[in-house]
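Trainee: My file is protein_13.cif. It has mmCIF, C-alpha atoms and all ligand atoms:
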```cif
data_final
#
loop_
_atom_site.label_atom_id
_atom_site.label_comp_id
_atom_site.auth_asym_id
_atom_site.auth_seq_id
_atom_site.Cartn_x
_atom_site.Cartn_y
_atom_site.Cartn_z
CA MET G 1 227.14 -141.40 -16.26
CA ARG G 2 226.05 -137.77 -15.71
CA SER G 3 226.09 -136.78 -12.02
CA CYS G 4 224.39 -133.88 -10.27
CA GLU G 5 223.24 -132.94 -6.79
CA VAL G 6 219.50 -132.76 -7.56
CA LEU G 7 217.83 -134.55 -10.45
CA ILE G 8 214.33 -133.33 -11.31
CA VAL G 9 212.15 -135.60 -13.40
CA GLY G 10 209.66 -133.43 -15.31
CA GLY G 11 209.93 -129.79 -16.34
CA GLY G 12 206.27 -128.72 -15.83
CA PRO G 13 205.29 -126.15 -13.17
CA ALA G 14 206.32 -128.38 -10.24
CA GLY G 15 209.74 -129.25 -11.66
CA ALA G 16 210.43 -125.75 -12.99
CA ALA G 17 209.51 -124.15 -9.63
CA ALA G 18 211.85 -126.50 -7.75
CA ALA G 19 214.63 -125.91 -10.29
CA TRP G 20 214.17 -122.13 -10.07
CA ARG G 21 214.56 -122.03 -6.31
CA LEU G 22 217.46 -124.47 -6.24
CA ARG G 23 219.37 -122.72 -9.05
CA ARG G 24 218.97 -119.38 -7.27
CA ALA G 25 220.80 -120.95 -4.33
CA GLY G 26 223.52 -122.19 -6.70
CA VAL G 27 222.67 -125.89 -6.44
CA ASP G 28 223.83 -128.24 -9.21
CA VAL G 29 220.45 -129.23 -10.72
CA LEU G 30 219.49 -131.14 -13.82
CA VAL G 31 215.96 -131.38 -15.24
CA LEU G 32 214.97 -134.34 -17.40
CA ASP G 33 211.84 -134.22 -19.54
CA ARG G 34 210.67 -136.67 -22.17
CA GLU G 35 209.40 -133.80 -24.31
CA ALA G 36 211.24 -130.84 -25.78
CA PHE G 37 209.89 -127.45 -24.63
CA PRO G 38 207.77 -125.67 -25.65
CA ARG G 39 205.56 -128.75 -25.38
CA LEU G 40 201.80 -129.18 -25.46
CA LYS G 41 200.16 -129.63 -22.06
CA LEU G 42 196.42 -130.12 -21.97
CA CYS G 43 195.19 -127.52 -19.50
CA ALA G 44 192.73 -124.62 -19.46
CA GLY G 45 195.62 -122.39 -18.34
CA TRP G 46 193.76 -120.53 -15.61
CA ILE G 47 196.15 -119.20 -12.95
CA THR G 48 195.36 -117.50 -9.66
CA PRO G 49 196.88 -114.39 -8.05
CA GLU G 50 198.59 -116.75 -5.57
CA VAL G 51 200.48 -118.39 -8.44
CA VAL G 52 201.56 -114.98 -9.74
CA ARG G 53 202.78 -114.04 -6.28
CA GLU G 54 204.57 -117.29 -5.52
CA LEU G 55 206.42 -117.14 -8.83
CA GLU G 56 207.27 -113.45 -8.23
CA MET G 57 205.83 -112.70 -11.67
CA ASP G 58 205.36 -109.18 -12.93
CA VAL G 59 202.31 -109.72 -15.13
CA ARG G 60 203.05 -106.55 -17.10
CA ALA G 61 206.50 -107.83 -18.02
CA TYR G 62 205.47 -111.43 -18.77
CA PRO G 63 206.52 -111.86 -22.42
CA HIS G 64 203.65 -114.12 -23.59
CA ARG G 65 199.87 -114.21 -23.60
CA LEU G 66 198.33 -113.37 -20.25
CA LEU G 67 194.76 -112.21 -19.87
CA THR G 68 193.40 -110.81 -16.61
CA TYR G 69 189.72 -111.32 -15.85
CA PRO G 70 187.96 -108.80 -13.62
CA ARG G 71 185.21 -111.41 -13.12
CA LEU G 72 184.31 -115.05 -13.72
CA ARG G 73 180.86 -116.11 -14.85
CA PHE G 74 179.42 -119.14 -13.08
CA HIS G 75 176.44 -120.91 -14.67
CA PHE G 76 174.12 -123.15 -12.70
CA GLY G 77 171.33 -124.22 -15.02
CA ARG G 78 169.74 -120.99 -16.21
CA LEU G 79 171.39 -118.90 -13.53
CA ASN G 80 174.35 -116.84 -14.82
CA LEU G 81 176.27 -115.43 -11.88
CA PRO G 82 179.03 -112.85 -12.56
CA VAL G 83 181.61 -113.03 -9.76
CA PRO G 84 183.90 -109.98 -9.55
CA CYS G 85 187.45 -111.15 -8.80
CA VAL G 86 190.95 -111.22 -10.26
CA GLN G 87 192.09 -114.31 -12.11
CA HIS G 88 194.34 -114.83 -15.12
CA SER G 89 194.78 -117.08 -18.13
CA ILE G 90 198.00 -118.08 -19.85
CA ARG G 91 198.82 -120.61 -22.59
CA ARG G 92 200.61 -123.58 -21.05
CA LEU G 93 202.69 -124.04 -24.17
CA GLU G 94 204.24 -120.63 -23.54
CA PHE G 95 204.07 -120.45 -19.74
CA ASP G 96 205.80 -123.77 -19.03
CA ALA G 97 208.64 -123.09 -21.47
CA TRP G 98 209.10 -119.63 -19.96
CA LEU G 99 209.13 -120.97 -16.39
CA LEU G 100 211.63 -123.67 -17.21
CA GLN G 101 213.94 -121.32 -19.06
CA ARG G 102 213.68 -118.75 -16.27
CA SER G 103 214.80 -121.39 -13.76
CA GLY G 104 218.25 -121.32 -15.33
CA ALA G 105 218.58 -125.08 -14.90
CA PRO G 106 220.03 -127.28 -17.62
CA VAL G 107 217.39 -129.48 -19.24
CA GLU G 108 217.96 -132.76 -21.06
CA LEU G 109 215.53 -134.64 -23.25
CA HIS G 110 215.16 -138.07 -21.67
CA ASN G 111 212.25 -140.41 -21.06
CA VAL G 112 212.87 -141.77 -17.55
CA ARG G 113 212.10 -145.45 -17.13
CA HIS G 114 214.06 -147.10 -14.31
CA ILE G 115 215.10 -145.66 -10.97
CA SER G 116 217.18 -147.38 -8.34
CA ALA G 117 218.23 -146.20 -4.89
CA ASP G 118 221.49 -147.00 -3.09
CA ALA G 119 223.56 -145.54 -0.26
CA GLN G 120 224.90 -142.74 -2.49
CA GLY G 121 221.52 -141.63 -3.84
CA TYR G 122 219.61 -142.45 -7.02
CA ALA G 123 220.52 -143.84 -10.42
CA VAL G 124 218.27 -143.31 -13.44
CA ASP G 125 218.40 -145.58 -16.50
CA GLY G 126 222.10 -146.20 -15.98
CA ALA G 127 222.73 -142.70 -17.37
CA TYR G 128 222.18 -140.25 -14.47
CA ARG G 129 223.10 -140.20 -10.81
CA ALA G 130 222.08 -137.74 -8.07
CA ARG G 131 222.01 -137.37 -4.32
CA TYR G 132 218.45 -135.97 -4.37
CA LEU G 133 215.58 -136.87 -6.68
CA ILE G 134 212.43 -134.80 -7.28
CA GLY G 135 209.50 -136.52 -8.98
CA ALA G 136 207.65 -133.87 -11.00
CA GLY G 137 206.54 -135.98 -13.94
CA GLY G 138 202.79 -135.38 -13.67
CA THR G 139 200.15 -138.14 -13.53
CA ARG G 140 202.45 -140.75 -15.09
CA CYS G 141 205.57 -139.75 -13.17
CA PRO G 142 208.11 -142.58 -13.06
CA VAL G 143 209.37 -141.46 -9.62
CA TYR G 144 205.84 -141.87 -8.26
CA ARG G 145 205.48 -145.22 -10.01
CA GLU G 146 208.81 -146.67 -8.83
CA LEU G 147 209.15 -145.22 -5.34
CA PHE G 148 205.76 -143.99 -4.05
CA ARG G 149 202.88 -145.82 -5.67
CA GLU G 150 202.78 -148.75 -3.26
CA LEU G 151 202.90 -146.45 -0.21
CA ASN G 152 200.56 -143.86 -1.70
CA PRO G 153 198.05 -145.54 -4.00
CA ARG G 154 195.76 -143.15 -5.88
CA ALA G 155 192.07 -143.31 -5.12
CA SER G 156 190.02 -144.13 -8.21
CA GLU G 157 187.10 -142.05 -6.90
CA LEU G 158 189.34 -138.96 -7.20
CA GLN G 159 190.23 -139.48 -10.85
CA LEU G 160 189.14 -136.68 -13.17
CA VAL G 161 188.60 -137.26 -16.87
CA THR G 162 188.71 -134.33 -19.25
CA LEU G 163 188.31 -133.42 -22.90
CA GLU G 164 189.64 -130.11 -24.09
CA HIS G 165 190.88 -128.13 -27.04
CA GLU G 166 192.84 -124.89 -27.36
CA ILE G 167 192.48 -123.13 -30.69
CA GLU G 168 193.34 -119.90 -32.38
CA TYR G 169 190.01 -118.09 -32.43
CA ASP G 170 189.01 -114.47 -32.63
CA TRP G 171 186.72 -114.59 -29.60
CA GLN G 172 184.31 -111.75 -28.88
CA GLU G 173 183.11 -112.83 -25.43
CA LYS G 174 185.93 -111.73 -23.12
CA ASP G 175 184.81 -113.24 -19.81
CA CYS G 176 185.75 -116.67 -18.54
CA HIS G 177 182.64 -118.90 -18.18
CA LEU G 178 182.22 -122.02 -16.06
CA TRP G 179 179.14 -124.27 -16.30
CA PHE G 180 178.45 -126.54 -13.35
CA PHE G 181 176.53 -129.83 -13.23
CA THR G 182 174.99 -129.42 -16.72
CA HIS G 183 173.15 -132.64 -17.66
CA GLY G 184 174.30 -134.16 -14.37
CA LEU G 185 178.02 -133.65 -15.14
CA PRO G 186 179.98 -134.49 -11.94
CA GLY G 187 182.28 -131.54 -12.60
CA TYR G 188 182.16 -128.52 -14.87
CA SER G 189 182.90 -127.23 -18.34
CA TRP G 190 184.74 -124.07 -19.29
CA TYR G 191 185.27 -121.32 -21.84
CA VAL G 192 188.64 -119.62 -21.19
CA PRO G 193 189.71 -116.89 -23.62
CA LYS G 194 193.41 -116.17 -23.93
CA GLU G 195 195.11 -112.96 -24.87
CA ARG G 196 195.37 -112.15 -28.60
CA GLY G 197 192.98 -114.59 -30.16
CA TRP G 198 193.33 -117.97 -28.47
CA LEU G 199 190.60 -119.90 -26.75
CA ASN G 200 190.54 -122.96 -24.50
CA VAL G 201 187.33 -124.92 -23.97
CA GLY G 202 186.78 -128.20 -22.20
CA VAL G 203 184.85 -130.40 -19.87
CA GLY G 204 185.96 -132.41 -16.85
CA GLY G 205 184.33 -134.64 -14.29
CA ILE G 206 184.91 -137.40 -11.77
CA ALA G 207 185.30 -140.59 -13.82
CA ALA G 208 183.64 -142.90 -11.29
CA ARG G 209 180.50 -140.72 -11.11
CA MET G 210 180.21 -140.02 -14.82
CA LYS G 211 178.02 -143.02 -15.60
CA ASN G 212 175.40 -141.86 -13.10
CA SER G 213 174.88 -138.78 -15.26
CA GLY G 214 173.72 -140.96 -18.17
CA LEU G 215 176.40 -139.46 -20.46
CA ASP G 216 180.06 -140.27 -20.90
CA ILE G 217 182.69 -137.52 -21.19
CA ARG G 218 182.18 -137.40 -24.97
CA GLY G 219 178.43 -136.90 -24.45
CA HIS G 220 179.12 -134.03 -22.06
CA TRP G 221 181.58 -132.55 -24.54
CA ASN G 222 178.86 -132.65 -27.24
CA GLN G 223 176.54 -130.72 -24.94
CA LEU G 224 179.22 -128.08 -24.36
CA ALA G 225 179.99 -127.86 -28.10
CA ARG G 226 176.31 -127.08 -28.74
CA THR G 227 176.41 -124.18 -26.27
CA LEU G 228 179.69 -122.91 -27.70
CA HIS G 229 178.58 -123.06 -31.31
CA GLY G 230 175.25 -121.46 -30.41
CA SER G 231 176.58 -118.29 -28.85
CA PHE G 232 180.17 -118.27 -27.56
CA ALA G 233 182.27 -119.52 -30.45
CA PRO G 234 180.22 -119.71 -33.63
CA GLY G 235 182.01 -121.45 -36.48
CA ALA G 236 184.87 -122.73 -34.28
CA GLN G 237 186.29 -126.12 -35.28
CA PHE G 238 186.96 -128.26 -32.21
CA ASP G 239 188.77 -131.58 -32.05
CA PRO G 240 189.24 -132.27 -28.32
CA THR G 241 191.82 -134.53 -26.68
CA GLY G 242 191.39 -136.43 -23.41
CA TYR G 243 193.58 -136.49 -20.32
CA SER G 244 193.11 -137.63 -16.77
CA TYR G 245 194.57 -136.60 -13.40
CA TYR G 246 193.75 -136.81 -9.71
CA LEU G 247 192.16 -134.50 -7.20
CA ARG G 248 193.72 -134.14 -3.80
CA GLY G 249 193.06 -137.07 -1.53
CA ASN G 250 194.77 -138.44 1.49
CA VAL G 251 198.38 -138.06 0.30
CA ARG G 252 200.40 -139.76 3.00
CA VAL G 253 203.99 -140.33 1.90
CA VAL G 254 205.59 -137.48 -0.06
CA ARG G 255 209.24 -138.07 0.82
CA ARG G 256 211.31 -141.24 0.99
CA ASP G 257 214.89 -140.62 2.12
CA ASN G 258 216.09 -138.03 -0.42
CA ALA G 259 213.33 -138.61 -2.98
CA PHE G 260 210.35 -136.21 -3.19
CA VAL G 261 207.09 -136.33 -5.07
CA THR G 262 205.41 -133.09 -6.24
CA GLY G 263 202.48 -131.72 -8.28
CA ASP G 264 200.23 -134.09 -10.22
CA ALA G 265 202.64 -136.92 -9.46
CA ALA G 266 201.46 -136.65 -5.85
CA GLY G 267 197.82 -135.94 -6.88
CA LEU G 268 197.39 -132.45 -5.44
CA ALA G 269 194.72 -130.68 -7.56
CA THR G 270 192.02 -128.82 -5.63
CA PRO G 271 188.97 -130.94 -4.81
CA ASP G 272 186.44 -128.32 -5.95
CA LEU G 273 187.78 -127.10 -9.33
CA GLY G 274 190.71 -129.40 -10.14
CA GLU G 275 193.18 -126.50 -10.11
CA GLY G 276 196.63 -128.09 -10.12
CA ILE G 277 199.13 -125.43 -11.23
CA GLY G 278 199.24 -123.67 -7.84
CA PRO G 279 199.68 -126.86 -5.77
CA ALA G 280 202.33 -128.06 -8.25
CA ILE G 281 204.32 -124.85 -7.86
CA ARG G 282 203.95 -124.79 -4.08
CA SER G 283 205.06 -128.40 -3.73
CA GLY G 284 208.06 -127.84 -6.06
CA LEU G 285 209.15 -124.85 -3.98
CA ARG G 286 208.75 -126.85 -0.77
CA ALA G 287 210.82 -129.74 -2.11
CA ALA G 288 213.55 -127.22 -2.93
CA ASP G 289 213.32 -125.74 0.58
CA ALA G 290 213.53 -129.17 2.14
CA ILE G 291 216.79 -129.73 0.28
CA LEU G 292 218.21 -126.25 0.85
CA LYS G 293 217.25 -125.68 4.47
CA GLY G 294 216.64 -129.17 5.71
CA ALA G 295 213.00 -128.07 6.16
CA GLU G 296 210.36 -130.69 6.75
CA TYR G 297 208.63 -131.62 3.47
CA ARG G 298 204.91 -131.36 4.17
CA LEU G 299 202.16 -130.91 1.61
CA ASP G 300 199.05 -130.99 3.81
CA ASP G 301 198.37 -127.27 3.25
CA VAL G 302 199.48 -126.77 -0.38
CA THR G 303 195.99 -127.51 -1.73
CA GLY G 304 193.27 -125.16 -0.59
CA LYS G 305 189.85 -124.66 -2.14
CA SER G 306 189.86 -122.81 -5.46
CA LEU G 307 186.58 -121.13 -4.56
CA THR G 308 188.19 -119.69 -1.43
CA SER G 309 190.97 -118.24 -3.55
CA ILE G 310 188.42 -116.70 -5.93
CA VAL G 311 186.52 -115.14 -3.03
CA ARG G 312 189.78 -113.85 -1.56
CA SER G 313 190.65 -112.16 -4.86
CA MET G 314 187.29 -110.31 -4.73
CA PHE G 315 188.71 -108.29 -1.85
CA ASP G 316 192.22 -107.78 -3.24
CA ARG G 317 191.74 -104.08 -4.01
CA PRO G 318 195.05 -103.27 -5.75
CA ALA G 319 194.79 -106.33 -7.97
CA ARG G 320 191.14 -105.55 -8.78
CA ALA G 321 191.98 -101.97 -9.66
CA LEU G 322 194.68 -103.25 -12.02
CA ALA G 323 192.30 -105.75 -13.60
CA LEU G 324 189.58 -103.14 -14.04
CA ALA G 325 192.09 -100.85 -15.73
CA GLY G 326 192.67 -103.68 -18.23
CA GLN G 327 196.43 -103.68 -17.66
CA ARG G 328 196.93 -106.88 -19.63
CA GLY G 329 195.01 -108.30 -22.55
CA HIS G 330 191.56 -107.36 -23.73
CA ALA G 331 189.56 -107.92 -20.58
CA SER G 332 187.98 -104.82 -19.11
CA ALA G 333 185.04 -104.09 -16.87
C1 LIG G 401 192.14 -130.55 -19.35
C2 LIG G 401 192.82 -130.00 -18.13
C3 LIG G 401 192.59 -128.70 -17.73
C4 LIG G 401 193.25 -128.18 -16.61
N1 LIG G 401 193.04 -126.86 -16.29
C5 LIG G 401 193.72 -126.32 -15.25
C6 LIG G 401 193.65 -124.92 -15.00
O1 LIG G 401 193.01 -124.17 -15.75
N2 LIG G 401 194.32 -124.41 -13.93
C7 LIG G 401 195.06 -125.22 -13.11
O2 LIG G 401 195.63 -124.72 -12.13
N3 LIG G 401 195.18 -126.56 -13.35
C8 LIG G 401 194.56 -127.12 -14.41
N4 LIG G 401 194.74 -128.44 -14.73
C9 LIG G 401 195.67 -129.22 -13.90
C10 LIG G 401 197.12 -128.87 -14.28
O3 LIG G 401 197.29 -128.94 -15.68
C11 LIG G 401 198.11 -129.80 -13.58
O4 LIG G 401 197.72 -129.97 -12.24
C12 LIG G 401 199.54 -129.28 -13.64
O5 LIG G 401 200.00 -129.25 -14.96
C13 LIG G 401 200.48 -130.15 -12.79
O6 LIG G 401 201.81 -129.73 -13.00
P1 LIG G 401 203.02 -130.77 -12.83
O7 LIG G 401 204.26 -129.98 -13.00
O8 LIG G 401 202.82 -131.58 -11.62
O9 LIG G 401 202.85 -131.80 -14.05
P2 LIG G 401 202.87 -131.57 -15.64
O10 LIG G 401 202.48 -130.20 -15.98
O11 LIG G 401 202.05 -132.69 -16.18
O12 LIG G 401 204.38 -131.76 -16.04
C14 LIG G 401 204.98 -133.02 -15.98
C15 LIG G 401 206.18 -133.08 -16.92
O13 LIG G 401 206.84 -134.35 -16.74
C16 LIG G 401 207.22 -134.87 -17.97
N5 LIG G 401 207.33 -136.32 -17.87
C17 LIG G 401 206.32 -137.21 -17.67
N6 LIG G 401 206.80 -138.47 -17.67
C18 LIG G 401 208.13 -138.37 -17.84
C19 LIG G 401 209.18 -139.33 -17.95
N7 LIG G 401 208.94 -140.65 -17.85
N8 LIG G 401 210.44 -138.89 -18.14
C20 LIG G 401 210.70 -137.56 -18.25
N9 LIG G 401 209.75 -136.61 -18.18
C21 LIG G 401 208.48 -137.02 -17.97
C22 LIG G 401 206.12 -134.42 -18.92
O14 LIG G 401 206.57 -134.39 -20.28
C23 LIG G 401 205.79 -133.02 -18.39
O15 LIG G 401 206.53 -132.00 -19.05
C24 LIG G 401 194.12 -128.99 -15.85
C25 LIG G 401 194.35 -130.32 -16.25
C26 LIG G 401 193.72 -130.81 -17.39
C27 LIG G 401 194.01 -132.21 -17.82
#
```
Show the structure stored in the file as structure tokens.
Ligand SMILES: Cc1cc2nc3c(=O)[nH]c(=O)nc-3n(C[C@H](O)[C@H](O)[C@H](O)COP(=O)(O)OP(=O)(O)OC[C@H]3O[C@@H](n4cnc5c(N)ncnc54)[C@H](O)[C@@H]3O)c2cc1C

Mentor:
Amino acid sequence: MRSCEVLIVGGGPAGAAAAWRLRRAGVDVLVLDREAFPRLKLCAGWITPEVVRELEMDVRAYPHRLLTYPRLRFHFGRLNLPVPCVQHSIRRLEFDAWLLQRSGAPVELHNVRHISADAQGYAVDGAYRARYLIGAGGTRCPVYRELFRELNPRASELQLVTLEHEIEYDWQEKDCHLWFFTHGLPGYSWYVPKERGWLNVGVGGIAARMKNSGLDIRGHWNQLARTLHGSFAPGAQFDPTGYSYYLRGNVRVVRRDNAFVTGDAAGLATPDLGEGIGPAIRSGLRAADAILKGAEYRLDDVTGKSLTSIVRSMFDRPARALALAGQRGHASA
């Protein structure tokens, strides 16, 4: 039986952020993930300036693809609205592996199935034992399933369904585009270029409201593919994959004794744009602080509105100056 002080289930942004903060304080941490990193994570890979700040990232020194956009383009029907701001894109395959490695925590490949609690702490699959347990396993997190689901059931009306594909593609259109409510989509679709010839495109919407639009997610994908092939990505070969996760609802119980739930496991993505990386990182850092400082573990303010963050970045002068100077990637004014 392998013992440690803090066992983190899942090495995505939530788990890696918690591990990073705990390792910096010298805590004996172990991360378990069922996949070996770098691993594929379906995600558009858009990150905000808040994420950059909270992770203390120097974007110029980041060793992988990172593209800074000096604006986003919002489409509402025929209206194309350029919004000057500062936002970034990364590839999750690279970003997550980098974050986890940077944490300095040991990582073991293990698919967690059974968790039991006793007076000493937590036992996992008869192979691991820890005083503290952090559930960072995403939508299907076993810590959520075994310890939190009954107390914190997810609301089906907050479930997002998505279809997306990230491909190597020599894009020419350098802005990030978001299309809202096309053909009644209860969500939006996206075109997110990545540095040095990668592109992520996808569509996402509230599952329960999809049927009212008269199209299923595949139908909405087909509409997006037509737009992409017409002008944004001619000749691109797409083969999208589906994934689902939850927008932030009324998350009540996030800690039970010394067990914590973070990120998508808790269902923390922003209600307007489904942005989950920031809330995952914030919740992972807070779980670490709760362990290190005995701080209260509260998540009521880790999910803001993505649109507020975009508006805020419009007025972040130093960051805008950097973005306009095209410090990273190919994006320029
Ligand atoms: C199509 C799509 C596009 C998105 N686009 C964006 C975006 O552009 N920007 C944004 O901010 N958010 C976006 N999101 C949301 C974002 O991807 C998630 O909110 C974020 O990844 C949550 O991080 P996490 O660490 O909680 O979970 P995850 O990133 O899902 O990491 C969980 C980890 O746990 C591991 N794990 C799971 N089960 C087990 C187990 N039983 N045992 C061991 N390990 C396990 C997994 O292998 C995984 O590595 C998008 C989501 C989707 C589906």

Trainee: Fewer than 4 positions away in the same chain doesn't count, so skip those; otherwise give me all residues within 10 Å of Arg320 in chain G, counting only C-alpha atoms, as number ranges by chain.

Mentor: G: 68-71, 84-87, 313-316, 324-326

Trainee: List every residue of chain G that has an atom at most 7 Å from any atom of ligand LIG 401 (chain G), and for each one report the closest atom pair and its distance in Å to one decimal, counting only C-alpha atoms and all ligand atoms, with rows sorted by chain and then by increasing residue number, as a Markdown table.

Mentor:
```
| residue | atom | partner | partner_atom | distance |
| --- | --- | --- | --- | --- |
| G:Val9 | CA | G:LIG401 | C20 | 5.4 |
| G:Gly10 | CA | G:LIG401 | O13 | 3.3 |
| G:Gly11 | CA | G:LIG401 | O15 | 4.9 |
| G:Gly12 | CA | G:LIG401 | O12 | 3.6 |
| G:Pro13 | CA | G:LIG401 | O7 | 4.0 |
| G:Ala14 | CA | G:LIG401 | O7 | 3.8 |
| G:Gly15 | CA | G:LIG401 | O7 | 5.7 |
| G:Leu32 | CA | G:LIG401 | C20 | 5.4 |
| G:Asp33 | CA | G:LIG401 | N9 | 3.5 |
| G:Arg34 | CA | G:LIG401 | C20 | 4.0 |
| G:Glu35 | CA | G:LIG401 | O14 | 5.0 |
| G:Lys41 | CA | G:LIG401 | O10 | 6.5 |
| G:Leu42 | CA | G:LIG401 | C1 | 5.0 |
| G:Cys43 | CA | G:LIG401 | C3 | 3.4 |
| G:Ala44 | CA | G:LIG401 | O1 | 3.7 |
| G:Gly45 | CA | G:LIG401 | O1 | 4.1 |
| G:Trp46 | CA | G:LIG401 | O1 | 3.7 |
| G:Ile47 | CA | G:LIG401 | O2 | 5.6 |
| G:His110 | CA | G:LIG401 | C20 | 5.6 |
| G:Asn111 | CA | G:LIG401 | N8 | 3.8 |
| G:Val112 | CA | G:LIG401 | N8 | 3.8 |
| G:Arg113 | CA | G:LIG401 | N7 | 5.8 |
| G:Ala136 | CA | G:LIG401 | O8 | 5.4 |
| G:Gly137 | CA | G:LIG401 | O13 | 3.3 |
| G:Gly138 | CA | G:LIG401 | O9 | 3.6 |
| G:Thr139 | CA | G:LIG401 | O11 | 6.4 |
| G:Arg140 | CA | G:LIG401 | N6 | 5.5 |
| G:Cys141 | CA | G:LIG401 | N6 | 4.8 |
| G:Pro142 | CA | G:LIG401 | N7 | 5.2 |
| G:Thr162 | CA | G:LIG401 | C1 | 5.1 |
| G:Leu163 | CA | G:LIG401 | C1 | 6.0 |
| G:Glu164 | CA | G:LIG401 | C1 | 5.4 |
| G:Gly202 | CA | G:LIG401 | C1 | 6.5 |
| G:Gly204 | CA | G:LIG401 | C1 | 6.9 |
| G:Tyr243 | CA | G:LIG401 | C27 | 5.0 |
| G:Ser244 | CA | G:LIG401 | C27 | 5.6 |
| G:Tyr245 | CA | G:LIG401 | C27 | 6.3 |
| G:Thr262 | CA | G:LIG401 | O8 | 6.2 |
| G:Gly263 | CA | G:LIG401 | O8 | 3.4 |
| G:Asp264 | CA | G:LIG401 | O8 | 3.9 |
| G:Ala265 | CA | G:LIG401 | O8 | 5.8 |
| G:Ala269 | CA | G:LIG401 | O4 | 5.6 |
| G:Gly274 | CA | G:LIG401 | N4 | 6.2 |
| G:Glu275 | CA | G:LIG401 | O2 | 3.6 |
| G:Gly276 | CA | G:LIG401 | O4 | 3.0 |
| G:Ile277 | CA | G:LIG401 | O2 | 3.7 |
| G:Gly278 | CA | G:LIG401 | O2 | 5.7 |
| G:Ala280 | CA | G:LIG401 | O8 | 4.9 |
```

Trainee: Would you kindly return, as a list in words, each protein, DNA or RNA residue with an atom no farther than 8 Å from any atom of range 224-240 of chain G, considering only C-alpha atoms and excluding same-chain residues fewer than 6 positions away?

Mentor: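 So, after excluding close chain neighbours, the residues are Leu163, Glu164, His165, Ile167, Tyr169, Trp171, Gln172, Glu173, Ser189, Gly202 and Val203 of chain G.
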
Trainee: For each of G:Val27, G:Val143, G:Ala61, G:Cys4, take the minimum atom-to-atom distance to Ala127 in chain G, counting only C-alpha atoms, then give the residue where this is smallest.

Mentor: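 The answer is G:Cys4, which sits nearest to Ala127 in chain G.
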
Trainee: Quick one: residues within 7 Å of Val124 in chain G, only C-alpha atoms counted, chain neighbours fewer than 6 positions away excluded, as a PyMOL selection string?

Mentor: chain G and resi 112+114-116

Trainee: Residues at most 7 Å from Tyr246 in chain G, counting all atoms listed in the file, excluding those fewer than 3 positions away in the same chain, as a count of residues only?

Mentor: 5

Trainee: How many Å lie between CA of Arg286 in chain G and CA of Leu40 in chain G, rounded to one decimal?

Mentor: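 Separation between CA of Arg286 in chain G and CA of Leu40 in chain G: 25.8 Å.
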
Trainee: Which of these residues is nearest to Glu157 in chain G, using only C-alpha atoms: G:Val251, G:Val51, G:Ala208, G:Ala323?

Mentor: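 Once distances to Glu157 in chain G are computed over only C-alpha atoms, the minimum belongs to G:Ala208.
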
Trainee: Can you work out which one of G:Glu150, G:Glu5, G:Asp216, G:Asp170 has the shortest atom-to-atom distance to Pro186 in chain G, counting only C-alpha atoms?

Mentor: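 The shortest atom-to-atom distance to Pro186 in chain G comes from G:Asp216.
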
Trainee: Between CA of Thr182 in chain G and CA of Gln223 in chain G, what is the distance in Å, rounded to a tenth?

Mentor: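 We find that CA of Thr182 in chain G and CA of Gln223 in chain G lie 8.5 Å from each other.
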
Trainee: Quick one: pull the distance between CA of Asn200 in chain G and CA of Trp179 in chain G, Å, one decimal.

Mentor: 14.1 Å

Trainee: Choose the residue, out of G:Thr241, G:His183, G:Ala105, G:Arg154, that has the smallest atom-to-atom separation from Arg23 in chain G; count all atoms listed in the file.

Mentor: G:Ala105

Trainee: When distances are computed from all atoms listed in the file, which of G:Val59, G:Leu67, G:Leu178, G:Val201 shows the smallest separation from Asn222 in chain G?

Mentor: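 Looking at the shortest contact to Asn222 in chain G, the residue is G:Val201.
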
Trainee: Could you complete range 98-105 of chain G so that it carries N, CA and C atoms, and give it back as a compact mmCIF listing (two decimals), in the coordinates of the input?

Mentor:
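The result, stored in selection21.txt:
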```txt
# COMPACT_ATOMS: atom_id res chain seq x y z
N TRP G 98 208.55 -120.84 -20.59
CA TRP G 98 209.10 -119.63 -19.96
C TRP G 98 209.60 -119.92 -18.54
N LEU G 99 208.76 -120.63 -17.78
CA LEU G 99 209.13 -120.97 -16.39
C LEU G 99 210.41 -121.79 -16.34
N LEU G 100 210.48 -122.77 -17.24
CA LEU G 100 211.63 -123.67 -17.21
C LEU G 100 212.89 -122.92 -17.62
N GLN G 101 212.76 -122.08 -18.63
CA GLN G 101 213.94 -121.32 -19.06
C GLN G 101 214.37 -120.35 -17.96
N ARG G 102 213.37 -119.71 -17.33
CA ARG G 102 213.68 -118.75 -16.27
C ARG G 102 214.40 -119.41 -15.09
N SER G 103 214.16 -120.70 -14.90
CA SER G 103 214.80 -121.39 -13.76
C SER G 103 216.32 -121.39 -13.89
N GLY G 104 216.80 -121.30 -15.11
CA GLY G 104 218.25 -121.32 -15.33
C GLY G 104 218.86 -122.70 -15.22
N ALA G 105 218.04 -123.72 -15.06
CA ALA G 105 218.58 -125.08 -14.90
C ALA G 105 218.83 -125.72 -16.27
```
